[in-house]
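**Student:** Here it is, the structure in full.
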Amino acid sequence: CWYCGCTPDELTVDHAKPRSRGGRNFDDNLLPACLPCNNEKANLSVSEYRKFCKMKLIRRLMPMGFFCGDMGKIKISFFGEGNDSPFGR
């Protein structure tokens with residue numbers, strides 16, 4: 001999965017820019033994603049999904065006593081970022 005790095009038996013195809021928002025079926029817009037990540041991302045862009053994941057992480061840490069005064073220091077990176085191709089070619 002481009003987002004979490006898991007290797008399920010079956011991957012889905014996610015659109016970095018959702019089709020519902022004008023995303024096309026071009027190679028540079030398609031990413032391999034596990035079903036949970038693809039469903040959770042829904043029609044968010046990659047940057048919107050990153051913000052969603054950041055807020056989800058912060059909400060989980062706060063009840064455990066963690067609090068980061070400067071939320072800007074928390075960085076979320078997806079497994080596939082930094083590769084020229086999400087498929088490792």
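All residue names refer to the structure tokens as shown: chains lettered A, B, ... in order, residues numbered from 1 in each chain, ligands numbered from 1 in order.
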May I have the residues within 6 Å of segment 31-35 of chain A as a list in words, using only C-alpha atoms and disregarding those fewer than 4 positions away in the same chain?
**Tutor:** Cys1, Trp2, Leu11, Thr12, Val13, Asp14 and Asn39 of chain A
**Student:** Write the selection just made, keeping N, CA, C and O atoms, as a CSV table (one decimal), in the first residue's frame?
**Tutor:**
chain,number,residue,atom,x,y,z
A,1,CYS,N,0.8,-1.2,0.0
A,1,CYS,CA,0.0,0.0,0.0
A,1,CYS,C,0.9,1.2,0.0
A,1,CYS,O,1.8,1.4,0.8
A,2,TRP,N,0.6,2.2,-0.9
A,2,TRP,CA,1.4,3.4,-1.0
A,2,TRP,C,1.3,4.2,0.3
A,2,TRP,O,2.2,5.0,0.7
A,11,LEU,N,-4.6,-5.5,-3.7
A,11,LEU,CA,-4.6,-4.0,-3.5
A,11,LEU,C,-5.7,-3.4,-4.4
A,11,LEU,O,-6.1,-4.0,-5.4
A,12,THR,N,-6.1,-2.2,-4.0
A,12,THR,CA,-7.1,-1.5,-4.8
A,12,THR,C,-6.3,-0.4,-5.5
A,12,THR,O,-5.1,-0.1,-5.2
A,13,VAL,N,-6.9,0.3,-6.5
A,13,VAL,CA,-6.3,1.4,-7.2
A,13,VAL,C,-6.9,2.7,-6.6
A,13,VAL,O,-8.2,2.8,-6.6
A,14,ASP,N,-6.1,3.5,-6.1
A,14,ASP,CA,-6.6,4.8,-5.5
A,14,ASP,C,-6.2,5.9,-6.5
A,14,ASP,O,-5.1,5.8,-7.1
A,39,ASN,N,-10.5,3.2,1.5
A,39,ASN,CA,-11.9,3.6,2.0
A,39,ASN,C,-11.8,4.8,2.9
A,39,ASN,O,-12.6,5.7,2.9
**Student:** Would you please extract all helix (DSSP H, G or I) residues from chain A, as assigned by DSSP on the backbone, and give them as a PyMOL selection string?
**Tutor:** chain A and resi 19-21+27-29+35-41+46-64+71-73
**Student:** Would you kindly return, as a list in words, each protein, DNA or RNA residue with an atom no farther than 12 Å from any atom of Glu40 of chain A, considering only C-alpha atoms and excluding same-chain residues fewer than 5 positions away?
**Tutor:**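 In the requested form, the answer reads Tyr3, Cys4, Asp14, Ala33, Cys34, Leu35, Ser45, Val46, Glu48, Tyr49, Arg50, Phe52, Cys53 and Lys56 of chain A.
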**Student:** Next, write the just-selected residues to a file, as a PDB file, in the first residue's frame, keeping C-alpha atoms as the atom set.
**Tutor:**
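Okay, part_1.pdb is ready:
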ATOM      1  CA  TYR A   3      -0.027   4.908   2.230  1.00  0.00           C
ATOM      2  CA  CYS A   4       0.659   2.439   5.067  1.00  0.00           C
ATOM      3  CA  ASP A  14      -6.568   4.786  -5.530  1.00  0.00           C
ATOM      4  CA  ALA A  33      -3.699   1.151  -1.803  1.00  0.00           C
ATOM      5  CA  CYS A  34      -5.008  -1.423   0.643  1.00  0.00           C
ATOM      6  CA  LEU A  35      -8.772  -1.412   1.030  1.00  0.00           C
ATOM      7  CA  SER A  45      -6.592  14.498  -2.047  1.00  0.00           C
ATOM      8  CA  VAL A  46      -3.270  13.098  -0.834  1.00  0.00           C
ATOM      9  CA  GLU A  48      -5.969  16.360   2.644  1.00  0.00           C
ATOM     10  CA  TYR A  49      -5.577  12.720   3.658  1.00  0.00           C
ATOM     11  CA  ARG A  50      -2.199  13.550   5.216  1.00  0.00           C
ATOM     12  CA  PHE A  52      -6.652  13.804   8.268  1.00  0.00           C
ATOM     13  CA  CYS A  53      -4.057  11.229   9.398  1.00  0.00           C
ATOM     14  CA  LYS A  56      -6.281  11.265  13.859  1.00  0.00           C
TER      15      LYS A  56
END
**Student:** Give the answer as one residue: which of A:Thr7, A:Gly23, A:Phe78, A:Pro18 has the shortest atom-to-atom distance to Lys51 of chain A, using only C-alpha atoms?
**Tutor:**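 Answer, going by the shortest atom-to-atom distance: A:Phe78.
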**Student:** Check segment 15-80 of chain A with DSSP on the backbone and list each residue it calls strand (DSSP E), as a list in words.
**Tutor:**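 Answer for segment 15-80 of chain A restricted to strand (DSSP E) is His15, Leu30, Leu31, Pro32 and Ala33 of chain A.
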**Student:** May I ask for the distance between atom CA of Ala42 of chain A and atom CA of Lys75 of chain A, given in Å to one decimal place?
**Tutor:**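 Separation between atom CA of Ala42 of chain A and atom CA of Lys75 of chain A: 21.3 Å.
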**Student:** Report, in Å to a single decimal, how far apart atom CA of Ile76 of chain A and atom CA of Pro36 of chain A are.
**Tutor:**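 Straight-line distance from atom CA of Pro36 of chain A to atom CA of Ile76 of chain A works out to 17.6 Å.
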